[in-house]
Amino acid sequence: MPIKLLIATLCISCAVSCTQAPEPAPNRNHFENATIVSVLPRPPASGILSTWIAFTVATGDEAQAEIYMQYLGGDQAIPVPGQSCTFSVRREKITGITIYESVPADRRVLVTPAVQCAPQ
């Protein structure tokens with residue numbers, strides 16, 4: 001009799017847990033419709049130093065991330081606060097400057113080659 005009870009308990013337990021699929025982990029290599037929270041001003045273009053735009057985004061789960069994008073000068077598209085943007089990122093160590101200070105060269109940061117934003 002105890003074995004039947006054990007089997008019944010396991011069947012009920014599996015029926016409950018097996019029907020509740022875990023939430024997929026968010027893909028942190030791709031941001032879809034992330035809201036731009038803040039953007040550092042454009043640094044002066046430099047032919048010697050790498051210059052970077054740093055911006056903060058909020059994702060759908062309300063988490064925030066700081067993203068770096070190399071600034072190449074000219075009319076390069078730079079997101080503005082409030083825009084909804086989509087982009088891919090990779091973690092890497094970078095060197096150079098933002099408008100205010102050197103980038104954090106002691107650790108890997110999130111870097112994107114470009115952003116695609118909805119018009120505002």
# chains A, B, ... in the order shown; residues from 1 in each chain; ligands from 1

call {"tool": "residues_around", "arguments": {"residues": "Asp106 in chain A", "least_positions_apart": "4", "cutoff": "12 Å", "atoms": "only C-alpha atoms", "output": "MDAnalysis selection string"}}
result
chainID A and resid 92:96 102

call {"tool": "write_last_selection", "arguments": {"atoms": "C-alpha atoms", "output": "compact mmCIF listing (two decimals), in the first residue's frame"}}
result
# COMPACT_ATOMS: atom_id res chain seq x y z
CA GLU A 92 34.57 43.53 -23.73
CA LYS A 93 37.33 45.63 -22.25
CA ILE A 94 37.59 49.01 -23.93
CA THR A 95 39.91 51.99 -23.70
CA GLY A 96 39.36 55.65 -24.43
CA SER A 102 38.11 57.61 -19.06

call {"tool": "residues_around", "arguments": {"residues": "Ile53 in chain A", "least_positions_apart": "3", "cutoff": "6 Å", "atoms": "only C-alpha atoms", "output": "PyMOL selection string"}}
result
chain A and resi 68-69+71

call {"tool": "residues_around", "arguments": {"residues": "range 61-66 of chain A", "least_positions_apart": "3", "cutoff": "10 Å", "atoms": "only C-alpha atoms", "output": "PyMOL selection string"}}
result
chain A and resi 26+28+34-39+54-58+109-111

call {"tool": "write_last_selection", "arguments": {"atoms": "N, CA and C atoms", "output": "mmCIF file, in the first residue's frame"}}
result
data_model
loop_
_atom_site.group_PDB
_atom_site.id
_atom_site.type_symbol
_atom_site.label_atom_id
_atom_site.label_comp_id
_atom_site.auth_asym_id
_atom_site.auth_seq_id
_atom_site.Cartn_x
_atom_site.Cartn_y
_atom_site.Cartn_z
ATOM 1 N N PRO A 26 16.185 36.089 -19.532
ATOM 2 C CA PRO A 26 16.269 37.150 -20.535
ATOM 3 C C PRO A 26 17.599 37.099 -21.262
ATOM 4 N N ARG A 28 20.617 38.655 -22.432
ATOM 5 C CA ARG A 28 21.351 39.879 -22.136
ATOM 6 C C ARG A 28 22.330 40.247 -23.236
ATOM 7 N N ALA A 34 14.248 48.488 -25.400
ATOM 8 C CA ALA A 34 14.764 49.033 -24.147
ATOM 9 C C ALA A 34 14.569 50.547 -24.156
ATOM 10 N N THR A 35 14.181 51.092 -23.023
ATOM 11 C CA THR A 35 13.963 52.531 -22.924
ATOM 12 C C THR A 35 15.252 53.226 -22.515
ATOM 13 N N ILE A 36 15.643 54.233 -23.261
ATOM 14 C CA ILE A 36 16.839 55.002 -22.946
ATOM 15 C C ILE A 36 16.515 55.902 -21.755
ATOM 16 N N VAL A 37 17.266 55.729 -20.669
ATOM 17 C CA VAL A 37 17.053 56.506 -19.451
ATOM 18 C C VAL A 37 17.891 57.776 -19.470
ATOM 19 N N SER A 38 19.165 57.641 -19.809
ATOM 20 C CA SER A 38 20.057 58.804 -19.861
ATOM 21 C C SER A 38 21.165 58.550 -20.878
ATOM 22 N N VAL A 39 21.715 59.648 -21.402
ATOM 23 C CA VAL A 39 22.791 59.572 -22.393
ATOM 24 C C VAL A 39 23.809 60.655 -22.061
ATOM 25 N N ALA A 54 28.155 56.891 -23.608
ATOM 26 C CA ALA A 54 27.642 55.974 -22.588
ATOM 27 C C ALA A 54 26.175 56.316 -22.363
ATOM 28 N N PHE A 55 25.329 55.282 -22.351
ATOM 29 C CA PHE A 55 23.921 55.524 -22.068
ATOM 30 C C PHE A 55 23.377 54.420 -21.174
ATOM 31 N N THR A 56 22.351 54.771 -20.421
ATOM 32 C CA THR A 56 21.705 53.840 -19.504
ATOM 33 C C THR A 56 20.354 53.469 -20.090
ATOM 34 N N VAL A 57 20.039 52.180 -20.053
ATOM 35 C CA VAL A 57 18.752 51.696 -20.553
ATOM 36 C C VAL A 57 18.000 50.978 -19.447
ATOM 37 N N ALA A 58 16.688 50.999 -19.553
ATOM 38 C CA ALA A 58 15.822 50.216 -18.665
ATOM 39 C C ALA A 58 15.163 49.149 -19.524
ATOM 40 N N VAL A 109 32.773 45.707 -20.133
ATOM 41 C CA VAL A 109 31.531 46.483 -20.123
ATOM 42 C C VAL A 109 30.679 46.043 -21.314
ATOM 43 N N LEU A 110 29.410 46.421 -21.291
ATOM 44 C CA LEU A 110 28.517 46.123 -22.411
ATOM 45 C C LEU A 110 28.758 47.140 -23.516
ATOM 46 N N VAL A 111 29.037 46.648 -24.723
ATOM 47 C CA VAL A 111 29.333 47.495 -25.871
ATOM 48 C C VAL A 111 28.387 47.128 -27.011
#

call {"tool": "closest_residue", "arguments": {"among": "A:Ile67, A:Gln76, A:Ser88, A:Ala105", "to": "Leu40 in chain A", "atoms": "only C-alpha atoms"}}
result
A:Ile67

call {"tool": "closest_residue", "arguments": {"among": "A:Glu32, A:Gly82, A:Leu72, A:Ala77", "to": "Thr59 in chain A", "atoms": "only C-alpha atoms"}}
result
A:Glu32

call {"tool": "select_by_dssp", "arguments": {"residues": "range 12-120 of chain A", "states": "strand (DSSP E)", "output": "ChimeraX atom specification"}}
result
/A:30-39,52-58,64-70,84-88,90-92,109-111,116-117

call {"tool": "select_by_dssp", "arguments": {"residues": "range 12-117 of chain A", "states": "alpha helix (DSSP H)", "output": "ChimeraX atom specification"}}
result
/A:12-18

call {"tool": "atom_distance", "arguments": {"atom1": "CA of Val89 in chain A", "atom2": "CA of His30 in chain A"}}
result
6.1 Å

call {"tool": "atom_distance", "arguments": {"atom1": "CA of Ile99 in chain A", "atom2": "CA of Pro43 in chain A"}}
result
4.4 Å

call {"tool": "closest_residue", "arguments": {"among": "A:Ile97, A:Gln70, A:Ile78, A:Arg42", "to": "Thr112 in chain A", "atoms": "only C-alpha atoms"}}
result
A:Gln70

call {"tool": "closest_residue", "arguments": {"among": "A:Thr98, A:Val80, A:Ile48, A:Arg107", "to": "Pro119 in chain A", "atoms": "only C-alpha atoms"}}
result
A:Val80
